[in-house]
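Reviewing the structure listed below.
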Amino acid sequence: MTNNTAASNQTLGNGSAQFVVSNEVARINQISVANHNYNLKGHQQTYAHIRDMYALVLEVHKNPLHAADWASERIIRQVREPEDHQNPFAQYVYVLDGEFDTSKTVEFEGVKSHKWNRRRSSEKYAKPLRWLYENGIAVEDVVRVINDFVHPDDKTKTKIAGIMRADSDNYPAKRSGRKWTGTVKQDALAAPRSYEIPLSAVAGFPTHDGFGKLWFRVVGSTAHVFCDGGATADEVVKAVTEAMAKPEDNDEADEAEPAEEALAA
């Protein structure tokens with residue numbers, strides 16, 4: 001039996017008289033689907049949706065009263081708790097923007113639920129959510145602030161694009177730091193290759209000292225390969241180092257999740 005809503009009767013809120021996490025998540029999910037299928041008001045509808053997500057963020061983020069209920073909603077939708085290096089506001093977009101595939105059932109962290117398909121095109125809204133939160137914008141001012149925003153250093157970046165740029169200024173991507181140690185690089189270059197793919201398949205994606213990072217998904221009897229265009233030098237070195245440290249005979253390989261990590265030299 002699947003469970004698509006968290007069992008929650010708590011009404012304690014961080015800014016309202018009554019706030020039930022599961023009810024609000026379900027409400028925003030419904031709006032998300034409607035906005036995606038019936039885009040009637042263009043950007044203004046998107047800004048209103050960001051406002052609704054932000055209102056939930058203000059209630060839930062770092063609020064111990066709602067921690068358990070939020071974790072339940074997150075787990076039901078197969079969203080992992082953010083790691084220290086990740087944008088902590090991405091989890092809210094992952095949970096709030098998407099819909100269940102009722103034809104598939106999965107188990108995640110011990111909970112069975114319908115498969116959650118999060119909306120990839122919405123993931124970028126984690127940046128404005130973080131910016132709004134860190135700048136203490138009131139919920140009722142969100143749409144106005146977005147409409148009026150002009151990036152102070154680049155007047156061509158306005159509205160949501162300008163806010164995303166401002167957040168990126170505050171959290172620039174890290175592109176260096178980790179170094180090769182020992183013989184990891186040489187061992188990786190000398191390791192046997194079970195297959196090769198054309199260089200054109202990964203053209204345009206960043207590499208570090210000739211190494212890149214790929215993801216593949218097993219679909220039936222085929223493997224769909226995706227380039228991780230955002231991989232940093234740190235991530236590439238870390239991935240190669242960890243891969244070379246693993247024993248060749250890995251009994252857990254058959255139990256791996258559908259999305260696996262592969263390396264290409």
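We name chains A, B, ... following the order of the structure tokens; residues begin at 1 in each chain, and ligands are numbered from 1 as shown.
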
message: Just want the 8 Å neighbourhood of Ile146 of chain A, counted on only C-alpha atoms, with same-chain residues fewer than 2 positions away dropped. Output as a ChimeraX atom specification.
response: /A:47,142-144,148-149,159-160,163

message: Restricting the calculation to only C-alpha atoms: of A:Phe89, A:Val219, A:Ala173, A:Ala188, which residue gets closest to Ala233 of chain A?
response: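 For Ala233 of chain A, the nearest of the given residues is A:Ala173.
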
Nearest to Arg80 of chain A by atom-to-atom distance, counting only C-alpha atoms, from A:Asp169, A:Asp209, A:Glu235, A:Glu109: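 Of all the options, A:Glu109 lies closest to Arg80 of chain A.
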
message: Just to confirm, what's the straight-line distance from atom CA of Val95 of chain A to atom CA of Leu56 of chain A in Å (one decimal)?
response: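 Computing the Euclidean distance for atom CA of Val95 of chain A and atom CA of Leu56 of chain A yields 11.3 Å.
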
If you run DSSP on this backbone, which residues of segment 19-261 of chain A come out as alpha helix (DSSP H), and could you give them as a compact mmCIF listing (two decimals) with C-alpha atoms, in the first residue's frame?
# COMPACT_ATOMS: atom_id res chain seq x y z
CA VAL A 21 2.98 20.73 6.26
CA SER A 22 1.32 17.90 4.30
CA ASN A 23 -1.72 20.03 3.42
CA GLU A 24 0.39 22.91 2.15
CA VAL A 25 2.71 20.63 0.17
CA ALA A 26 -0.30 18.98 -1.51
CA ARG A 27 -1.82 22.38 -2.31
CA ILE A 28 1.37 23.69 -3.94
CA ASN A 29 1.79 20.41 -5.84
CA GLN A 30 -1.65 20.91 -7.36
CA ILE A 31 -0.84 24.49 -8.35
CA SER A 32 2.47 23.34 -9.80
CA VAL A 33 0.75 20.85 -12.09
CA ALA A 34 -1.86 23.42 -13.13
CA ASN A 35 0.79 26.03 -13.88
CA HIS A 36 2.77 23.54 -15.94
CA ASN A 37 -0.20 22.39 -18.00
CA GLY A 42 3.32 33.70 -18.20
CA HIS A 43 6.03 34.97 -15.91
CA GLN A 44 3.64 36.48 -13.36
CA GLN A 45 2.21 33.04 -12.69
CA THR A 46 5.75 31.73 -12.14
CA TYR A 47 6.51 34.53 -9.69
CA ALA A 48 3.32 33.78 -7.77
CA HIS A 49 4.33 30.12 -7.61
CA ILE A 50 7.76 31.07 -6.25
CA ARG A 51 5.96 33.21 -3.66
CA ASP A 52 3.88 30.21 -2.56
CA MET A 53 6.97 28.00 -2.29
CA TYR A 54 8.75 30.73 -0.36
CA ALA A 55 5.84 31.00 2.09
CA LEU A 56 6.29 27.31 2.90
CA VAL A 57 10.06 27.79 3.21
CA LEU A 58 9.52 30.48 5.85
CA GLU A 59 7.34 28.10 7.85
CA VAL A 60 9.52 25.01 7.54
CA ALA A 67 11.16 18.98 10.93
CA ALA A 68 9.57 15.53 11.17
CA ASP A 69 6.60 16.40 8.96
CA TRP A 70 8.82 17.97 6.32
CA ALA A 71 11.15 14.96 6.37
CA SER A 72 8.13 12.72 5.79
CA GLU A 73 7.02 14.74 2.75
CA ARG A 74 10.58 14.73 1.43
CA ILE A 75 10.99 10.97 1.82
CA ILE A 76 7.62 10.20 0.23
CA ALA A 90 16.75 22.96 -3.58
CA GLN A 91 14.90 20.33 -1.55
CA TYR A 92 11.83 22.56 -1.43
CA VAL A 93 11.66 22.87 -5.22
CA TYR A 94 12.22 19.13 -5.62
CA VAL A 95 9.31 18.36 -3.29
CA LEU A 96 6.92 21.10 -4.39
CA ALA A 126 16.24 27.12 -5.63
CA LYS A 127 18.46 30.13 -6.23
CA PRO A 128 15.75 32.83 -5.91
CA LEU A 129 14.32 30.99 -2.89
CA ARG A 130 17.68 31.24 -1.17
CA TRP A 131 18.08 34.89 -2.16
CA LEU A 132 14.60 35.82 -0.91
CA TYR A 133 15.20 34.03 2.39
CA GLU A 134 18.61 35.52 3.01
CA VAL A 142 7.84 38.66 -3.35
CA VAL A 143 6.12 39.27 -6.68
CA ARG A 144 6.79 43.02 -6.55
CA VAL A 145 10.45 42.52 -5.60
CA ILE A 146 10.97 40.08 -8.49
CA ASN A 147 9.28 42.37 -11.01
CA ASP A 148 11.31 45.39 -9.87
CA LYS A 159 13.51 40.13 -12.62
CA ILE A 160 14.07 36.43 -11.87
CA ALA A 161 17.21 36.21 -14.04
CA GLY A 162 18.73 39.09 -12.10
CA ILE A 163 17.96 37.50 -8.74
CA MET A 164 19.45 34.19 -9.89
CA ARG A 165 22.58 36.07 -10.95
CA ALA A 166 22.72 37.83 -7.57
CA ASP A 167 22.49 34.50 -5.76
CA SER A 168 25.25 33.06 -7.97
CA ASP A 169 27.41 36.06 -7.07
CA ASN A 170 26.99 35.12 -3.41
CA VAL A 184 45.56 7.65 -8.81
CA LYS A 185 45.75 9.42 -12.16
CA GLN A 186 48.29 6.97 -13.60
CA ASP A 187 46.30 3.97 -12.32
CA ALA A 188 43.13 5.33 -13.89
CA LEU A 189 44.84 5.87 -17.23
CA ALA A 190 46.23 2.32 -17.12
CA ALA A 233 37.76 19.67 -11.06
CA ASP A 234 37.24 18.71 -7.41
CA GLU A 235 34.35 16.42 -8.32
CA VAL A 236 36.25 14.78 -11.16
CA VAL A 237 39.30 14.02 -9.03
CA LYS A 238 37.09 12.79 -6.18
CA ALA A 239 35.13 10.50 -8.51
CA VAL A 240 38.27 9.00 -10.06
CA THR A 241 39.93 8.57 -6.66
CA GLU A 242 36.92 6.80 -5.20
CA ALA A 243 36.47 4.62 -8.27
CA MET A 244 40.10 3.49 -8.22
CA ALA A 245 39.89 2.72 -4.49

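Restricting the calculation to only C-alpha atoms, the smallest distance between Gln86 of chain A and any of A:Val225, A:Tyr171, A:Ser194, A:His61 is found for A:Tyr171.
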
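If you look at atom CA of Lys179 of chain A and atom CA of His85 of chain A, they are 18.4 Å away from each other.
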
query: Smallest atom-to-atom distance to Thr102 of chain A: which of A:Phe226, A:Tyr195, A:Phe211, A:Trp116, using only C-alpha atoms?
result: A:Trp116

- request: Between atom CA of Asp84 of chain A and atom CA of Val106 of chain A, measure the distance and give it in Å to one decimal.
  value: 26.4 Å

task: Based on DSSP run over this structure's backbone, return all residues of segment 41-259 of chain A in strand (DSSP E or B), as a ChimeraX atom specification.
output: /A:98-108,111-118,150,158,208,211-219,222-227,259
